[in-house]
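**Q** Once you've had a glance at the structure underneath, I'll fire off some questions.
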Amino acid sequence: MISLMALLRLFRRSAWGLKGSPHSFSAWFVRTPISLAREKLSQETREEVLEYASKKQTGVSLKYMLDFGQNPIDRQLLLSAQFLHRELPVRLAHRVVELENLPYGLSSNSKILTVRDWYVESLLDLVRLPKPKDVQGDLKFTKTLRDIYERHVHVVPLMAKGINELKKELSNEVGLYELPEIHQFLDGFYMSRIGVRFLIGQHISLHEPPEENFIGLIDTRCSPVRVCRDAIADARDLCSYEFGSSPKVDIYGDEDFTFAYVPSHIHHMVFELMKNSLRAVQDKYAEKLVRTPSIRVVVAEGAEDVTIKVSDEGGGIPRSGLPQIWTYLYSTARCPLPETQDDGSEAPSVLAGYGYGLPISRLYARYFGGDLQVISMEGYGTDAYLHLNRLGNVQEPLP
C-alpha cells in the first residue's frame, strides 16, 4: 500500500509540479480519467463536464469591465449575458474536475462533495439555458445567475470544514505544511471563485438602478480612506464584542483621493488585516498597566499602485512562522464552526479559526493585479502592505 509521503511525492512530480507548462494543472486532470468520488456523477453529466473543462478560460480586466459597463443599454447587457453564458460553464467545469481528483481522499469528503454538487448543478443550469438572444432571454439568464450566486454563498466555510477534517486526519502522520498540492489547489479554487462571483455580481448589478459613480460593482470614485474607515469601525466593533474593548486606530491619507475600484474588495481585505492587528495588540497589552499603542493605517497614492499600510505593535511573528500565515491549514484562533453543521447554512462570514483571512485577502489583492505583503519584527510588531493596482489593466489570473 502506497504511503502518504510517497503519494505526496507522486502528486508533486505529476499534476502539481507542472503549473505554467503546456501540461498545466487543469489540463492534466482533463487528460486523466476521473476517479469519481463515492457519490458518482452520471456518465452523461461526466462527459458534459469534461467537454467544458477541455475549453480555455477567458480573463478580463477591471478596465475592460469599466469600459464595457459605462453605457448599460440592452445591447451591452445582452453581449455581457452571451459572454457569461459561454464562459461560466467553462470555469465551473474546471473546478468540478479538480474537486473530483483531490489527493488524500479529499474528493470523498461529504463537505467537498456538497460543494462539487453545487458547481455541477450551476453548470447544468447554465448549459440547459439557450443562448440569450434578446431582452427576455437576458432577463431569464440574469435570474438564473441570481440563483447561482445565492447557491454558492456558503462555499468557503463548507470547504474550510472539509479541509479542517483532512487536517485532523493527517496531523499525526504528515506535516501540515508539507501539503503544497492542497494549498495550490485552494489558491486556484478561491481565485476562480472570486472571479466567478465578481463577473456574476457585475452583470446582476448592471441590471439594477445605478448608484452614483458606480458601474456595476465598481465605484469610479472609490475613496480608499473612507472604505478603510468603515472596515476599521467594523473590525473594532467585532474586537469590542470579543474582548470588551478595542485598541485605537489612527488613519492617515487624503480622504478626497479616489480611483476606480471595487470597494467591497478593499473592505474585505482591510477588515481582515485589522482583525489580526487588533487581536495581536489586545492580546499583548490586555493584562499590562501601560498605555495600549494605537494601530496606524496609512493610505498612499502612487502612480501605479494605491498602497494601504497597517502597522501594529502587537509583538510580531517569528521569522520561521511567516510562511505559515499564507497557508490554509494554519490559525492561532479557535475553529468557529460546530461539528454538526454539514450543509453550509448558518455559516459565519468571519472565518477566524480556519486560517483563511490572509490567504484569501492576498487573492483578492492579486485578482486585479495587486498584492499583499507582511513584514514582521518579532518582539515588536507587524506591518502589512496592501498594494492595489490603480491602472486596472491587468487581466484576472485564471487557475
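Each chain in the C-alpha cells gets a letter, A, B and so on, in the order shown; residues start at 1 in every chain, and ligands are counted from 1 in the order they appear.
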Find the spatial neighbours of Ile308 of chain A, counting only C-alpha atoms, within a cut-off of 7 Å - ignore same-chain residues fewer than 3 positions away - and output them as a PDB file with C-alpha atoms, in the first residue's frame.
**A**
ATOM      1  CA  VAL A 297      -3.157  52.852   8.872  1.00  0.00           C
ATOM      2  CA  VAL A 298      -1.549  54.833   6.037  1.00  0.00           C
ATOM      3  CA  VAL A 299      -3.119  55.218   2.582  1.00  0.00           C
ATOM      4  CA  ALA A 300      -0.595  56.311  -0.057  1.00  0.00           C
ATOM      5  CA  TYR A 385       1.326  46.319   2.868  1.00  0.00           C
ATOM      6  CA  LEU A 386      -1.775  46.054   0.688  1.00  0.00           C
ATOM      7  CA  HIS A 387      -0.994  47.079  -2.906  1.00  0.00           C
TER       8      HIS A 387
END
**Q** Considering only strand (DSSP E) as DSSP defines it on the backbone, what residues of segment 55-298 of chain A qualify? List them as a PyMOL selection string.
**A** chain A and resi 214-215+218-222+249-252+259-261+295-298
**Q** With C-alpha atoms kept, could you save the residues just selected as a PDB file, in the first residue's frame?
**A**
ATOM      1  CA  PHE A 214     -20.927  53.156  -9.764  1.00  0.00           C
ATOM      2  CA  ILE A 215     -20.600  50.946 -12.833  1.00  0.00           C
ATOM      3  CA  ILE A 218     -17.086  49.214  -9.463  1.00  0.00           C
ATOM      4  CA  ASP A 219     -17.011  52.629  -7.797  1.00  0.00           C
ATOM      5  CA  THR A 220     -15.391  55.033 -10.260  1.00  0.00           C
ATOM      6  CA  ARG A 221     -14.705  57.451  -7.380  1.00  0.00           C
ATOM      7  CA  CYS A 222     -13.762  54.994  -4.658  1.00  0.00           C
ATOM      8  CA  VAL A 249      -6.668  53.099  15.261  1.00  0.00           C
ATOM      9  CA  ASP A 250      -5.211  56.197  13.574  1.00  0.00           C
ATOM     10  CA  ILE A 251      -5.623  56.608   9.813  1.00  0.00           C
ATOM     11  CA  TYR A 252      -3.551  58.873   7.584  1.00  0.00           C
ATOM     12  CA  PHE A 259      -9.799  55.885  -8.041  1.00  0.00           C
ATOM     13  CA  ALA A 260     -11.837  53.195  -9.794  1.00  0.00           C
ATOM     14  CA  TYR A 261     -12.036  50.010  -7.746  1.00  0.00           C
ATOM     15  CA  ILE A 295      -2.594  50.841  15.270  1.00  0.00           C
ATOM     16  CA  ARG A 296      -1.595  53.034  12.313  1.00  0.00           C
ATOM     17  CA  VAL A 297      -3.157  52.852   8.872  1.00  0.00           C
ATOM     18  CA  VAL A 298      -1.549  54.833   6.037  1.00  0.00           C
TER      19      VAL A 298
END
**Q** Closest to Val127 of chain A among A:Glu87, A:Asp187, A:Glu396, A:Glu301, using only C-alpha atoms?
**A**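 Counting only C-alpha atoms, the residue closest to Val127 of chain A is A:Glu87.
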**Q** What are the nearest atom pairs, with distances in Å to one decimal, for all residues of segment 240-322 of chain A that come at most 6 Å from segment 388-391 of chain A, using only C-alpha atoms, set out by chain and rising residue number as a tab-separated table?
**A**
residue	atom	partner	partner_atom	distance
A:Glu304	CA	A:Arg390	CA	5.8
A:Asp305	CA	A:Asn389	CA	4.6
A:Val306	CA	A:Leu388	CA	5.1
**Q** DSSP on the backbone: what in segment 6-212 of chain A comes out helix (DSSP H, G or I), as an MDAnalysis selection string?
**A** chainID A and resid 6:13 25:31 43:53 62:69 74:100 106:108 110:128 135:151 155:170 180:206
**Q** Save the residues we just selected, C-alpha atoms, as a compact mmCIF listing (two decimals), in the first residue's frame?
**A**
# COMPACT_ATOMS: atom_id res chain seq x y z
CA ALA A 6 5.04 8.50 -1.40
CA LEU A 7 1.63 9.71 -2.56
CA LEU A 8 2.69 13.26 -1.77
CA ARG A 9 5.86 12.91 -3.88
CA LEU A 10 3.86 11.38 -6.73
CA PHE A 11 1.46 14.30 -6.88
CA ARG A 12 4.31 16.80 -6.63
CA ARG A 13 6.03 15.24 -9.66
CA PHE A 25 -2.69 21.54 -13.69
CA SER A 26 -6.19 21.71 -15.22
CA ALA A 27 -5.07 20.09 -18.48
CA TRP A 28 -3.50 17.20 -16.57
CA PHE A 29 -6.83 16.49 -14.88
CA VAL A 30 -8.73 16.68 -18.18
CA ARG A 31 -6.39 14.14 -19.81
CA GLN A 43 -21.98 9.26 -17.38
CA GLU A 44 -23.84 11.95 -19.33
CA THR A 45 -23.00 14.63 -16.75
CA ARG A 46 -19.41 13.46 -16.54
CA GLU A 47 -18.98 13.77 -20.31
CA GLU A 48 -20.58 17.20 -20.29
CA VAL A 49 -18.28 18.41 -17.53
CA LEU A 50 -15.22 17.11 -19.40
CA GLU A 51 -16.34 18.78 -22.61
CA TYR A 52 -16.43 22.21 -20.97
CA ALA A 53 -13.32 21.57 -18.87
CA LEU A 62 -11.03 45.90 -14.40
CA LYS A 63 -10.58 48.49 -17.17
CA TYR A 64 -12.45 46.27 -19.63
CA MET A 65 -15.34 45.90 -17.18
CA LEU A 66 -15.39 49.68 -16.70
CA ASP A 67 -15.37 50.45 -20.40
CA PHE A 68 -17.93 47.77 -21.19
CA GLY A 69 -20.38 48.81 -18.46
CA ASP A 74 -29.90 46.48 -23.83
CA ARG A 75 -27.32 45.50 -26.46
CA GLN A 76 -24.44 45.79 -24.00
CA LEU A 77 -26.30 43.77 -21.39
CA LEU A 78 -27.09 41.12 -23.99
CA LEU A 79 -23.43 40.89 -25.01
CA SER A 80 -22.50 40.50 -21.32
CA ALA A 81 -25.06 37.72 -20.92
CA GLN A 82 -23.77 35.92 -24.01
CA PHE A 83 -20.18 36.12 -22.77
CA LEU A 84 -21.11 34.72 -19.37
CA HIS A 85 -23.31 32.04 -20.92
CA ARG A 86 -20.22 30.86 -22.78
CA GLU A 87 -17.58 31.50 -20.11
CA LEU A 88 -19.11 30.46 -16.77
CA PRO A 89 -19.70 26.76 -17.65
CA VAL A 90 -16.04 26.51 -18.64
CA ARG A 91 -14.85 27.96 -15.33
CA LEU A 92 -17.24 25.83 -13.29
CA ALA A 93 -16.25 22.67 -15.18
CA HIS A 94 -12.55 23.23 -14.45
CA ARG A 95 -13.36 23.40 -10.75
CA VAL A 96 -15.57 20.29 -10.84
CA VAL A 97 -12.77 18.24 -12.41
CA GLU A 98 -10.35 19.45 -9.75
CA LEU A 99 -12.80 18.68 -6.95
CA GLU A 100 -13.19 15.15 -8.36
CA LEU A 106 -10.46 14.65 -0.03
CA SER A 107 -12.79 14.23 -3.02
CA SER A 108 -14.83 11.75 -0.97
CA SER A 110 -19.00 14.93 2.39
CA LYS A 111 -18.40 18.70 2.51
CA ILE A 112 -16.30 18.65 -0.66
CA LEU A 113 -18.96 16.51 -2.36
CA THR A 114 -21.62 19.06 -1.46
CA VAL A 115 -19.53 21.86 -2.96
CA ARG A 116 -18.92 19.74 -6.08
CA ASP A 117 -22.64 19.15 -6.44
CA TRP A 118 -23.34 22.90 -6.21
CA TYR A 119 -20.85 23.51 -9.02
CA VAL A 120 -22.33 20.73 -11.16
CA GLU A 121 -25.87 21.98 -10.57
CA SER A 122 -24.90 25.52 -11.52
CA LEU A 123 -23.07 24.33 -14.65
CA LEU A 124 -26.12 22.34 -15.76
CA ASP A 125 -28.44 25.26 -15.05
CA LEU A 126 -26.36 27.40 -17.41
CA VAL A 127 -25.92 24.91 -20.25
CA ARG A 128 -29.62 23.97 -20.21
CA VAL A 135 -34.01 41.22 -23.73
CA GLN A 136 -36.27 38.48 -22.42
CA GLY A 137 -33.52 35.91 -22.82
CA ASP A 138 -31.12 38.18 -20.94
CA LEU A 139 -33.60 38.65 -18.09
CA LYS A 140 -34.17 34.90 -17.78
CA PHE A 141 -30.42 34.31 -17.81
CA THR A 142 -29.86 37.00 -15.15
CA LYS A 143 -32.46 35.35 -12.89
CA THR A 144 -30.51 32.09 -13.18
CA LEU A 145 -27.32 33.96 -12.24
CA ARG A 146 -29.03 35.29 -9.12
CA ASP A 147 -29.94 31.72 -8.11
CA ILE A 148 -26.36 30.54 -8.71
CA TYR A 149 -24.90 33.46 -6.75
CA GLU A 150 -27.10 32.57 -3.78
CA ARG A 151 -26.44 28.82 -4.08
CA VAL A 155 -18.81 27.53 -0.43
CA VAL A 156 -15.89 28.98 1.57
CA PRO A 157 -16.97 27.87 5.07
CA LEU A 158 -18.02 24.45 3.80
CA MET A 159 -14.68 23.95 2.01
CA ALA A 160 -12.98 25.11 5.21
CA LYS A 161 -14.76 22.39 7.17
CA GLY A 162 -13.73 19.74 4.68
CA ILE A 163 -10.09 20.87 4.75
CA ASN A 164 -10.18 21.05 8.54
CA GLU A 165 -11.29 17.41 8.67
CA LEU A 166 -8.34 16.47 6.46
CA LYS A 167 -6.10 18.46 8.80
CA LYS A 168 -7.30 16.40 11.76
CA GLU A 169 -6.83 13.12 9.87
CA LEU A 170 -3.27 13.85 8.73
CA PRO A 180 1.73 22.13 -1.21
CA GLU A 181 -0.77 20.46 -3.53
CA ILE A 182 -3.61 21.27 -1.15
CA HIS A 183 -2.56 24.90 -0.83
CA GLN A 184 -2.02 25.27 -4.56
CA PHE A 185 -5.46 23.80 -5.26
CA LEU A 186 -7.11 26.12 -2.74
CA ASP A 187 -5.33 29.18 -4.14
CA GLY A 188 -6.61 28.34 -7.61
CA PHE A 189 -10.07 27.35 -6.41
CA TYR A 190 -10.64 30.52 -4.39
CA MET A 191 -9.13 32.77 -7.07
CA SER A 192 -11.59 31.23 -9.53
CA ARG A 193 -14.42 31.75 -7.06
CA ILE A 194 -13.53 35.44 -6.68
CA GLY A 195 -13.61 35.82 -10.45
CA VAL A 196 -16.88 33.95 -10.96
CA ARG A 197 -18.67 35.88 -8.23
CA PHE A 198 -17.32 39.20 -9.48
CA LEU A 199 -18.47 38.52 -13.05
CA ILE A 200 -21.90 37.37 -11.89
CA GLY A 201 -22.25 40.22 -9.40
CA GLN A 202 -21.18 42.76 -12.02
CA HIS A 203 -23.75 41.52 -14.54
CA ILE A 204 -26.54 41.47 -11.94
CA SER A 205 -25.64 44.95 -10.70
CA LEU A 206 -25.82 46.39 -14.23
**Q** Would you mind telling me which residue in A:Cys239, A:Leu289, A:Met269, A:Ile360 lies nearest to Val227 of chain A when using only C-alpha atoms?
**A**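 Ranked by minimum distance to Val227 of chain A, first place goes to A:Met269.
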**Q** For a quick check of understanding, using only C-alpha atoms, which of A:Trp326, A:Tyr285, A:Phe257, A:Tyr241 has the smallest distance to Gln373 of chain A?
**A**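 Selected residue with least distance to Gln373 of chain A: A:Trp326.
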